[in-house]
Amino acid sequence: MAEQKIDLGLYSRQLYVLGLETLVSLGKANVLISGLRGLGAEIAKNVILAGVKSVTVHDRDNVEKRDMAAQFYLGEEDIGKNRAESCVTKLAELNQYVEVKASKEELTKEYIGQFQVVVLTELPVEEKLRELAKFCHNHSPAIHLIIAQVRGLTAQIFVDHGPQFTVTDPNGEEYPQQIIVGISASNPAIVTLHEDHRISFETDDEVVLDDLKGLDCLNGKQFPVKVTGPYNFELVGLDATSLPAYKSGGLVQQVKKPVILANKEYEQAIKAPGEFEITDFAKMERPGQLHLGYIALEAYRSANNGAYPELGNVEQANAVVNIAKQINEQALKIKQEDSSAVVFSVDSIDESVILKLALYSRSQINPMTAFVGGIAGQEVLKLSGKFKPINQFFYFDAFECLAGEGVVERRRAAGESRYEDQIGIFGEEFQEKLGKLKIFLVGAGALGCEFLKNFAMMGVSTREEGMCHLTDMDSIEKSNLNRQFLFRPRDIGSMKSQAASRAVRVMNSDFRVKAMEIPVGPTTEETFHEAFWGNLDIVCNALDNVKARLYVDSCCVLYKKPLLESGTLGTKANVQVVIPNVTESYGSSADPPEKEVPSCTIKNFPNQIEHTIQWARDLFEGFFTNGFRNAIQFCNDSDFVSKLRTSNTHMAVQRETLQTIFDSFSFLSNPTFDNCINWARLRFEDLYSNKIKQLLFNFPADHADSTGAPFWSGPKRAPSPLSFSINDPTHLGFVICSSRLLANCFKINHSSFSDDYIAHFTANINVPTFQPRSGIKIQSSEKDNVNEGGDDDEEVIESLLKRLPKREEIGAQGKFSAEEFEKDDDTNFHIDFVTHASNLRASNYEIKLADRNQTKKIAGRIIPAIATTTAMVTGLVCLELIKLIHQNKPIEHFKNGFVNLALPLWAFSEPLPPTKTCSKAGKTRAVPESWTLWDSVIIDQGDITFNQLLQFFRDRFQLEVLSVASGQSLIYNSFIPKYKARIELKISDVLREINKSEFGPNVKHINMAIECEDPSDENLEVNIPLVRVKFRN
């Protein structure tokens, strides 16, 4: 994948995770992946999707039926054939830009020397492994070696990037620019930041200065810092006493400091692994135990012709435990004799850990291969120097998934089932439960595709009683193909749920899935009704927006269904398991809302490129979307003008709305492309020259605020008007995009008009002279309550109303249409318009410009995404699914998690229990006592009246009902006569009247929020959970 061939339409979401430089670097890498069982296939999938130059999949063994428990590109027809050759064609389909080859060559030093990265998932015997590892380490340049193993419910990853490896970007975070308001003429110089944001860096970090006025000599210079306060820091080593005085402006940004790593060669690292990566602080000692266990396991293999213990064979597993004891005892003895000796040992062996490692060491199950495959795949991509690699060794176990300590009993011979490895760990009864599972998967995007693959491999919903209900209302776009691995170019335009269902059934024809294209929300409750939710066993979210997640979460709480929740953002991911009556729900906690940028900043006082991009995005909507929607609505709605005039809309907005409508109809009198060009050129003048001149007229360069401080200081940057130049590509680009977009709106064919024609025509347009005028109001700050606009707004509005044609005389129906913003079509001029418009605005305010890709990310609100993170997090979720199947596991066995593969960081914790609402003497009364979000008051007395409802609360709880609400409606209030008059009416009849509709046939309950008082103490606040009236059977 050479630089000029990078398909940004395909890699757009990954681009915002890795960056263009990293994509180019990956495009030169040849990767060998040895071992094509489930783990090898997962790593290969992720690496191929990422876009390396080539991937060679290597395996000298043939397919066994048990491989199909985790290897999703193998089928019954492949049994007995070479693993690598059997799946190479399907792997190659993942990415047309990556050369994918199969090999069954012997792994020699000469053979692996042709690769930049070598990944081993099935290890040669110990002596051969050490020989290959040493060769990779000492090779010039070093060959990046990654050893990744899944052994039952344990995993090991070893990483060696060579004796000297530079990490150019350890965390992948974009450091913010912060605004400077002062620099002292002292030694050392002290910098003061604007109080909008506290300092984001720490002492000894390095920063770069820019955009300083007065101290221009420091622009572009880097300095180490010493933080002295929330808004102050010293520039270490800078004596500013003899420098020019600071005048104004200035930005500071933290600089990325490269990290140089010195990895140990494999044989040395085994003996002295250093600090292990910690994934779970409840298992601080576990990595050391597993390290010893894997050493013992390899020693067992060396003594048994390369074979691992048979699955579930206690005698052979105990042999591994005994080897571990011998190795550890010998190591401790060596240390006693020579304290400087380099050998690995633990203080005491946890035999149960090593026994479970050995018992299941032959097995690979899908959740583990998905999890480890995501991590190992990301480690491959770190060859570019982007993100910090694992500190050589990573260990993980999921022993909490086991039903108990003993080995499961078998009812049939080993090898009869594709789920052999899973059955050997959890038993046949567990597998039957998986097959009968009724699960609701919400979303068939990146997460959804991985979940479907995992479910199919695990055997979820493969029996007649089982069903995976899948819904997603989106269709497939090109950018999806980079991480939604079930889709191919031929699927573009198809519905995700249908295409994903077809693809996953190829992986396992027994998988039962029902695909729908229906959103899950309040408007579709007739489809996703009580009976639907009641029939489910588990719900799994694969959504990318909080609103939908919260709705599904609320349904799971209402119907008491377990929910598996997860999400990704670039290299970051989270997992949450929600269990009825045991844990809190997804909605129990929320991230703090993002700080909104004041509208006056966007409109008049931008200081960051994000501000100008948002302004340009709003401009697009105003010019090409909302304006034409208003014109269409004017044609269709006889009350449009009266509604506008009686609304609370500011006069300036009303004026702009009517002016846009008037201009649209005026344009129809002579709809030519030349007029579109003329309009675009005049818009440039108005936006980037005239309005800036008016702003400076209102607030001149020497203007002071009410306190006497300079108005143009701190975050307020004084702008400069632009003079149009036909030779400036951004100036001309704005006119080209604007004119073509307007032509689209008026359905004018402009394909025959070249950009050169537009440039020539533009050069001859006569632009009227502009003179700023008094009476124009501009909001100067967030606290300024002035309504923007001119003194003549009302007068102009009246004039426009008189000049607007009568609706019946317009004849405009179908002659224009609104442009709907679409970020992923590179031919529609949308992103190009926003890029040019934003950068022109940035030029006004001397803000650093953004390229098209950065603009697309911000304007399109694109969530950065990469396949490795998605695969990894779905593996974790499926481990929690296993625990749910076992039922009645204690809360401490479940794991919520946060992961950042860039750092890398894994943080697992026990889910929190639900908060109890309890009575407080003299203050509150909880009814029932100690209720949680999972509780509700069920009234099963038929289709009752409000009077019967009130009586129920008197009899059951000795409470008086004050008000009743259902949905968005207040349906009863004891103090308001019109509501109180409903006392003898049935609750269901009142709701029918309010909603103007009948209840759906599957609705059996009415859900209500009820406010009560305690007659014995009216000062008590009464807290009651949701009330549900079962009004029909």
# chains A, B, ... in the order shown; residues from 1 in each chain; ligands from 1

$ residues_around --residues "Lys815 in chain A" --least-positions-apart "5" --cutoff "12 Å" --atoms "only C-alpha atoms" --output "VMD selection string"
chain A and resid 628 631 to 632 635 664 to 665 667 to 669 671 743 to 748 810

$ closest_atom_pairs --of "range 422-469 of chain A" --to "range 534-543 of chain A" --cutoff "12 Å" --atoms "only C-alpha atoms" --output "tab-separated table"
residue	atom	partner	partner_atom	distance
A:Lys433	CA	A:Asp537	CA	10.6
A:Leu434	CA	A:Asp537	CA	10.5
A:Gly435	CA	A:Asp537	CA	11.9
A:Lys436	CA	A:Asp537	CA	9.5
A:Leu437	CA	A:Asp537	CA	6.4
A:Lys438	CA	A:Leu536	CA	5.2
A:Ile439	CA	A:Ile538	CA	4.9
A:Phe440	CA	A:Val539	CA	4.7
A:Leu441	CA	A:Cys540	CA	4.9
A:Val442	CA	A:Asn541	CA	5.0
A:Gly443	CA	A:Ala542	CA	4.8
A:Ala444	CA	A:Ala542	CA	7.0
A:Gly445	CA	A:Ala542	CA	7.3
A:Ala446	CA	A:Ala542	CA	8.0
A:Leu447	CA	A:Ala542	CA	5.3
A:Gly448	CA	A:Ala542	CA	5.3
A:Cys449	CA	A:Ala542	CA	9.0
A:Glu450	CA	A:Ala542	CA	9.5
A:Phe451	CA	A:Ala542	CA	8.2
A:Leu452	CA	A:Ala542	CA	10.4
A:Phe455	CA	A:Cys540	CA	11.1
A:Val460	CA	A:Ile538	CA	11.3
A:Ser461	CA	A:Asp537	CA	10.9
A:Glu465	CA	A:Asn535	CA	11.2
A:Gly466	CA	A:Asp537	CA	9.8
A:Met467	CA	A:Leu536	CA	9.1
A:Cys468	CA	A:Leu536	CA	9.4
A:His469	CA	A:Leu536	CA	9.2

$ residues_around --residues "range 782-796 of chain A" --least-positions-apart "3" --cutoff "10 Å" --atoms "only C-alpha atoms" --output "PyMOL selection string"
chain A and resi 597-601+650-656+658-659+773-779+799-802

$ select_by_dssp --residues "range 518-742 of chain A" --states "strand (DSSP E)" --output "JSON, numbers by chain"
{"A": [538, 539, 540, 541, 563, 564, 565, 566, 567, 568, 569, 572, 573, 574, 575, 576, 577, 578]}

$ write_last_selection --atoms "C-alpha atoms" --output "PDB file, in the first residue's frame"
ATOM      1  CA  ILE A 538     -29.933 -11.690  27.250  1.00  0.00           C
ATOM      2  CA  VAL A 539     -29.552  -8.356  25.441  1.00  0.00           C
ATOM      3  CA  CYS A 540     -26.279  -7.267  23.841  1.00  0.00           C
ATOM      4  CA  ASN A 541     -25.721  -3.677  22.720  1.00  0.00           C
ATOM      5  CA  LEU A 563     -27.475  -6.429  29.352  1.00  0.00           C
ATOM      6  CA  LEU A 564     -23.979  -6.676  27.900  1.00  0.00           C
ATOM      7  CA  GLU A 565     -22.807  -3.146  27.116  1.00  0.00           C
ATOM      8  CA  SER A 566     -19.637  -2.092  25.325  1.00  0.00           C
ATOM      9  CA  GLY A 567     -18.213   0.692  23.210  1.00  0.00           C
ATOM     10  CA  THR A 568     -15.020   1.805  21.497  1.00  0.00           C
ATOM     11  CA  LEU A 569     -13.258   5.057  20.680  1.00  0.00           C
ATOM     12  CA  LYS A 572     -10.065   2.773  23.890  1.00  0.00           C
ATOM     13  CA  ALA A 573     -12.883   0.454  24.879  1.00  0.00           C
ATOM     14  CA  ASN A 574     -15.177  -0.276  27.773  1.00  0.00           C
ATOM     15  CA  VAL A 575     -17.262  -3.220  28.923  1.00  0.00           C
ATOM     16  CA  GLN A 576     -20.136  -3.206  31.383  1.00  0.00           C
ATOM     17  CA  VAL A 577     -22.249  -6.136  32.475  1.00  0.00           C
ATOM     18  CA  VAL A 578     -25.715  -5.297  33.800  1.00  0.00           C
TER      19      VAL A 578
END

$ atom_distance --atom1 "CA of Arg83 in chain A" --atom2 "CA of His58 in chain A"
8.3 Å

$ residues_around --residues "Gly162 in chain A" --least-positions-apart "3" --cutoff "12 Å" --atoms "only C-alpha atoms" --output "list in words"
Gln116, Val117, Ala133, Lys134, Phe135, Cys136, His137, Asn138, His139, Ser140, Pro141, Ala142, Ile143, His144, Leu145, Ile146, Val159, Phe165, Thr166, Ile260, Leu261, Ala262, Asn263, Lys264, Glu265, Tyr266, Leu383, Pro389 and Gln392 of chain A

$ write_last_selection --atoms "N, CA and C atoms" --output "CSV table (one decimal), in the first residue's frame"
chain,number,residue,atom,x,y,z
A,116,GLN,N,9.2,-8.2,8.1
A,116,GLN,CA,9.5,-7.2,9.1
A,116,GLN,C,8.8,-7.6,10.5
A,117,VAL,N,7.8,-8.4,10.4
A,117,VAL,CA,7.1,-8.8,11.7
A,117,VAL,C,6.8,-10.3,11.6
A,133,ALA,N,13.8,-16.7,17.9
A,133,ALA,CA,13.7,-15.5,18.6
A,133,ALA,C,15.0,-14.7,18.7
A,134,LYS,N,16.1,-15.4,18.9
A,134,LYS,CA,17.4,-14.8,18.9
A,134,LYS,C,17.7,-14.2,17.5
A,135,PHE,N,17.4,-14.9,16.5
A,135,PHE,CA,17.6,-14.4,15.1
A,135,PHE,C,16.9,-13.1,14.9
A,136,CYS,N,15.6,-13.1,15.3
A,136,CYS,CA,14.8,-11.8,15.1
A,136,CYS,C,15.4,-10.7,15.9
A,137,HIS,N,15.8,-10.9,17.1
A,137,HIS,CA,16.3,-9.9,17.9
A,137,HIS,C,17.6,-9.3,17.4
A,138,ASN,N,18.5,-10.1,16.9
A,138,ASN,CA,19.8,-9.7,16.4
A,138,ASN,C,19.8,-9.3,15.0
A,139,HIS,N,18.8,-9.5,14.3
A,139,HIS,CA,18.7,-9.1,12.9
A,139,HIS,C,18.9,-7.6,12.7
A,140,SER,N,19.4,-7.1,11.6
A,140,SER,CA,19.6,-5.7,11.4
A,140,SER,C,18.8,-5.3,10.1
A,141,PRO,N,17.8,-4.5,10.2
A,141,PRO,CA,17.1,-4.1,11.5
A,141,PRO,C,16.4,-5.3,12.1
A,142,ALA,N,16.1,-5.1,13.4
A,142,ALA,CA,15.5,-6.1,14.2
A,142,ALA,C,14.1,-6.5,13.5
A,143,ILE,N,13.8,-7.8,13.5
A,143,ILE,CA,12.5,-8.3,13.1
A,143,ILE,C,11.6,-8.3,14.3
A,144,HIS,N,10.5,-7.6,14.2
A,144,HIS,CA,9.5,-7.5,15.3
A,144,HIS,C,8.9,-8.9,15.6
A,145,LEU,N,9.1,-9.4,16.8
A,145,LEU,CA,8.6,-10.7,17.1
A,145,LEU,C,7.5,-10.6,18.1
A,146,ILE,N,6.4,-11.3,17.8
A,146,ILE,CA,5.3,-11.3,18.7
A,146,ILE,C,4.9,-12.8,18.9
A,159,VAL,N,6.4,-9.7,23.4
A,159,VAL,CA,6.8,-8.8,22.4
A,159,VAL,C,8.2,-8.4,22.4
A,165,PHE,N,14.3,0.5,20.1
A,165,PHE,CA,13.1,0.7,19.3
A,165,PHE,C,12.5,2.1,19.8
A,166,THR,N,12.2,3.0,18.9
A,166,THR,CA,11.8,4.3,19.2
A,166,THR,C,10.3,4.4,19.0
A,260,ILE,N,12.5,5.7,23.9
A,260,ILE,CA,13.3,4.6,23.3
A,260,ILE,C,13.3,3.4,24.2
A,261,LEU,N,12.9,2.3,23.7
A,261,LEU,CA,12.8,1.0,24.4
A,261,LEU,C,14.0,0.1,24.1
A,262,ALA,N,14.4,-0.6,25.1
A,262,ALA,CA,15.5,-1.6,24.9
A,262,ALA,C,14.9,-3.0,25.3
A,263,ASN,N,14.3,-3.7,24.3
A,263,ASN,CA,13.7,-5.0,24.6
A,263,ASN,C,14.8,-6.1,24.8
A,264,LYS,N,14.5,-7.0,25.7
A,264,LYS,CA,15.4,-8.2,25.9
A,264,LYS,C,15.0,-9.2,24.9
A,265,GLU,N,16.0,-10.0,24.6
A,265,GLU,CA,15.8,-11.2,23.7
A,265,GLU,C,15.0,-12.2,24.5
A,266,TYR,N,14.3,-13.1,23.8
A,266,TYR,CA,13.3,-14.0,24.4
A,266,TYR,C,13.9,-14.8,25.5
A,383,LEU,N,4.7,-1.6,15.1
A,383,LEU,CA,6.0,-1.6,14.5
A,383,LEU,C,6.3,-0.2,13.9
A,389,PRO,N,4.3,-0.2,23.0
A,389,PRO,CA,4.1,-1.6,23.1
A,389,PRO,C,4.0,-2.2,24.5
A,392,GLN,N,6.9,-6.3,27.1
A,392,GLN,CA,7.4,-7.6,26.7
A,392,GLN,C,6.4,-8.7,27.1

$ residues_around --residues "range 394-401 of chain A" --least-positions-apart "3" --cutoff "10 Å" --atoms "only C-alpha atoms" --output "VMD selection string"
chain A and resid 148 to 159 275 to 280 283 286 to 291 294 353 356 to 357 368 372 375 390 to 391 404 to 405 425 to 426 876 879 to 886 889 to 890 892 to 895

$ write_last_selection --atoms "C-alpha atoms" --output "compact mmCIF listing (two decimals), in the first residue's frame"
# COMPACT_ATOMS: atom_id res chain seq x y z
CA ALA A 148 0.71 -14.90 21.23
CA GLN A 149 -0.87 -17.91 22.84
CA VAL A 150 -4.36 -18.81 24.01
CA ARG A 151 -4.39 -21.83 26.27
CA GLY A 152 -7.96 -22.46 27.44
CA LEU A 153 -8.90 -19.55 29.70
CA THR A 154 -5.37 -18.13 29.83
CA ALA A 155 -3.29 -16.09 27.44
CA GLN A 156 0.32 -15.07 27.00
CA ILE A 157 1.75 -12.39 24.71
CA PHE A 158 5.47 -11.74 24.33
CA VAL A 159 6.75 -8.76 22.35
CA GLU A 275 7.46 -5.79 35.51
CA PHE A 276 4.44 -7.57 34.11
CA GLU A 277 1.48 -5.73 32.64
CA ILE A 278 -1.22 -5.74 35.34
CA THR A 279 -4.78 -6.22 34.07
CA ASP A 280 -6.63 -6.82 37.30
CA LYS A 283 -4.91 -10.61 40.80
CA ARG A 286 -1.35 -13.90 38.85
CA PRO A 287 1.04 -12.86 36.01
CA GLY A 288 4.02 -14.38 37.85
CA GLN A 289 2.15 -17.64 38.42
CA LEU A 290 1.16 -17.82 34.76
CA HIS A 291 4.71 -16.99 33.64
CA TYR A 294 3.91 -21.32 30.68
CA VAL A 353 -3.69 -21.70 38.63
CA LYS A 356 -6.17 -24.99 35.21
CA LEU A 357 -3.66 -23.67 32.71
CA MET A 368 -10.27 -15.68 24.30
CA VAL A 372 -6.04 -11.78 22.47
CA ILE A 375 -4.33 -7.07 21.43
CA ILE A 390 3.48 -4.17 25.81
CA ASN A 391 6.32 -4.31 28.31
CA GLY A 404 -16.51 -24.77 39.51
CA GLU A 405 -13.13 -26.22 40.36
CA ILE A 425 -13.93 -26.67 29.58
CA PHE A 426 -17.58 -25.96 30.39
CA LEU A 876 -14.27 -9.57 26.76
CA LEU A 879 -16.45 -13.94 28.50
CA GLU A 880 -19.11 -12.13 30.55
CA LEU A 881 -21.77 -13.90 28.49
CA ILE A 882 -20.30 -17.24 29.56
CA LYS A 883 -20.62 -16.20 33.21
CA LEU A 884 -24.26 -15.21 32.70
CA ILE A 885 -25.04 -18.62 31.20
CA HIS A 886 -23.75 -20.32 34.35
CA LYS A 889 -22.41 -16.46 39.88
CA PRO A 890 -21.39 -14.01 42.62
CA GLU A 892 -17.21 -10.51 42.22
CA HIS A 893 -16.81 -13.00 39.33
CA PHE A 894 -18.06 -10.45 36.80
CA LYS A 895 -15.78 -7.81 35.34

$ closest_residue --among "A:Ile518, A:Ala500, A:Val937, A:Ala921" --to "Asp472 in chain A" --atoms "only C-alpha atoms"
A:Ile518

$ closest_residue --among "A:Ile365, A:Ile971, A:Glu64, A:Asn1007" --to "Val990 in chain A" --atoms "only C-alpha atoms"
A:Ile971

$ residues_around --residues "Arg60 in chain A" --least-positions-apart "4" --cutoff "12 Å" --atoms "only C-alpha atoms" --output "JSON, numbers by chain"
{"A": [34, 35, 36, 37, 80, 81, 82, 83, 84, 85, 86, 102, 103, 104, 105, 106, 107, 122, 123, 124]}

$ write_last_selection --atoms "N, CA, C and O atoms" --output "PDB file, in the first residue's frame"
ATOM      1  N   SER A  34       2.166 -17.246  11.937  1.00  0.00           N
ATOM      2  CA  SER A  34       2.302 -18.703  11.959  1.00  0.00           C
ATOM      3  C   SER A  34       1.331 -19.301  12.960  1.00  0.00           C
ATOM      4  O   SER A  34       1.317 -18.912  14.133  1.00  0.00           O
ATOM      5  N   GLY A  35       0.536 -20.237  12.493  1.00  0.00           N
ATOM      6  CA  GLY A  35      -0.471 -20.882  13.335  1.00  0.00           C
ATOM      7  C   GLY A  35      -1.848 -20.323  13.007  1.00  0.00           C
ATOM      8  O   GLY A  35      -2.166 -19.202  13.392  1.00  0.00           O
ATOM      9  N   LEU A  36      -2.652 -21.100  12.275  1.00  0.00           N
ATOM     10  CA  LEU A  36      -3.935 -20.582  11.789  1.00  0.00           C
ATOM     11  C   LEU A  36      -5.119 -21.282  12.431  1.00  0.00           C
ATOM     12  O   LEU A  36      -6.116 -21.587  11.765  1.00  0.00           O
ATOM     13  N   ARG A  37      -4.992 -21.502  13.754  1.00  0.00           N
ATOM     14  CA  ARG A  37      -6.196 -21.858  14.497  1.00  0.00           C
ATOM     15  C   ARG A  37      -6.952 -20.556  14.770  1.00  0.00           C
ATOM     16  O   ARG A  37      -6.731 -19.542  14.098  1.00  0.00           O
ATOM     17  N   GLY A  80      -9.002 -32.038   7.299  1.00  0.00           N
ATOM     18  CA  GLY A  80      -7.974 -32.859   6.653  1.00  0.00           C
ATOM     19  C   GLY A  80      -7.089 -32.090   5.693  1.00  0.00           C
ATOM     20  O   GLY A  80      -6.063 -32.606   5.245  1.00  0.00           O
ATOM     21  N   LYS A  81      -7.473 -30.835   5.383  1.00  0.00           N
ATOM     22  CA  LYS A  81      -6.664 -30.004   4.489  1.00  0.00           C
ATOM     23  C   LYS A  81      -5.774 -29.069   5.310  1.00  0.00           C
ATOM     24  O   LYS A  81      -6.004 -28.852   6.494  1.00  0.00           O
ATOM     25  N   ASN A  82      -4.782 -28.501   4.664  1.00  0.00           N
ATOM     26  CA  ASN A  82      -3.876 -27.587   5.341  1.00  0.00           C
ATOM     27  C   ASN A  82      -4.638 -26.354   5.856  1.00  0.00           C
ATOM     28  O   ASN A  82      -5.437 -25.763   5.128  1.00  0.00           O
ATOM     29  N   ARG A  83      -4.372 -25.961   7.092  1.00  0.00           N
ATOM     30  CA  ARG A  83      -5.101 -24.840   7.701  1.00  0.00           C
ATOM     31  C   ARG A  83      -4.909 -23.536   6.925  1.00  0.00           C
ATOM     32  O   ARG A  83      -5.869 -22.830   6.643  1.00  0.00           O
ATOM     33  N   ALA A  84      -3.664 -23.197   6.651  1.00  0.00           N
ATOM     34  CA  ALA A  84      -3.382 -21.920   6.003  1.00  0.00           C
ATOM     35  C   ALA A  84      -3.991 -21.874   4.610  1.00  0.00           C
ATOM     36  O   ALA A  84      -4.618 -20.877   4.212  1.00  0.00           O
ATOM     37  N   GLU A  85      -3.826 -22.948   3.844  1.00  0.00           N
ATOM     38  CA  GLU A  85      -4.353 -22.976   2.481  1.00  0.00           C
ATOM     39  C   GLU A  85      -5.874 -22.953   2.472  1.00  0.00           C
ATOM     40  O   GLU A  85      -6.482 -22.439   1.521  1.00  0.00           O
ATOM     41  N   SER A  86      -6.485 -23.463   3.510  1.00  0.00           N
ATOM     42  CA  SER A  86      -7.947 -23.530   3.558  1.00  0.00           C
ATOM     43  C   SER A  86      -8.601 -22.180   3.789  1.00  0.00           C
ATOM     44  O   SER A  86      -9.755 -21.986   3.423  1.00  0.00           O
ATOM     45  N   ALA A 102      -0.450 -18.027   1.463  1.00  0.00           N
ATOM     46  CA  ALA A 102      -0.394 -19.158   2.390  1.00  0.00           C
ATOM     47  C   ALA A 102       0.959 -19.846   2.260  1.00  0.00           C
ATOM     48  O   ALA A 102       1.560 -19.864   1.181  1.00  0.00           O
ATOM     49  N   SER A 103       1.441 -20.402   3.375  1.00  0.00           N
ATOM     50  CA  SER A 103       2.735 -21.085   3.360  1.00  0.00           C
ATOM     51  C   SER A 103       2.723 -22.242   4.344  1.00  0.00           C
ATOM     52  O   SER A 103       2.095 -22.164   5.397  1.00  0.00           O
ATOM     53  N   LYS A 104       3.418 -23.315   3.964  1.00  0.00           N
ATOM     54  CA  LYS A 104       3.665 -24.412   4.902  1.00  0.00           C
ATOM     55  C   LYS A 104       5.154 -24.780   4.906  1.00  0.00           C
ATOM     56  O   LYS A 104       5.541 -25.911   5.156  1.00  0.00           O
ATOM     57  N   GLU A 105       5.955 -23.739   4.615  1.00  0.00           N
ATOM     58  CA  GLU A 105       7.417 -23.889   4.664  1.00  0.00           C
ATOM     59  C   GLU A 105       7.875 -24.176   6.096  1.00  0.00           C
ATOM     60  O   GLU A 105       7.199 -23.828   7.060  1.00  0.00           O
ATOM     61  N   GLU A 106       9.051 -24.763   6.206  1.00  0.00           N
ATOM     62  CA  GLU A 106       9.653 -24.896   7.523  1.00  0.00           C
ATOM     63  C   GLU A 106      10.110 -23.516   7.988  1.00  0.00           C
ATOM     64  O   GLU A 106      10.597 -22.705   7.204  1.00  0.00           O
ATOM     65  N   LEU A 107       9.912 -23.221   9.279  1.00  0.00           N
ATOM     66  CA  LEU A 107      10.320 -21.926   9.820  1.00  0.00           C
ATOM     67  C   LEU A 107      11.816 -21.937  10.078  1.00  0.00           C
ATOM     68  O   LEU A 107      12.289 -22.358  11.134  1.00  0.00           O
ATOM     69  N   GLU A 122       1.325 -20.736  17.291  1.00  0.00           N
ATOM     70  CA  GLU A 122       1.554 -22.147  17.612  1.00  0.00           C
ATOM     71  C   GLU A 122       3.068 -22.311  17.629  1.00  0.00           C
ATOM     72  O   GLU A 122       3.735 -22.129  16.608  1.00  0.00           O
ATOM     73  N   LEU A 123       3.635 -22.648  18.789  1.00  0.00           N
ATOM     74  CA  LEU A 123       5.077 -22.528  18.970  1.00  0.00           C
ATOM     75  C   LEU A 123       5.820 -23.789  18.568  1.00  0.00           C
ATOM     76  O   LEU A 123       5.374 -24.911  18.844  1.00  0.00           O
ATOM     77  N   PRO A 124       6.980 -23.602  17.911  1.00  0.00           N
ATOM     78  CA  PRO A 124       7.875 -24.751  17.739  1.00  0.00           C
ATOM     79  C   PRO A 124       8.413 -25.169  19.105  1.00  0.00           C
ATOM     80  O   PRO A 124       8.247 -24.454  20.095  1.00  0.00           O
TER      81      PRO A 124
END

$ residues_around --residues "Glu984 in chain A" --least-positions-apart "5" --cutoff "8 Å" --atoms "only C-alpha atoms" --output "number ranges by chain"
A: 945-947

$ select_by_dssp --residues "range 781-892 of chain A" --states "helix (DSSP H, G or I)" --output "PyMOL selection string"
chain A and resi 793-803+807-810+830-844+852-859+867-886+891-892
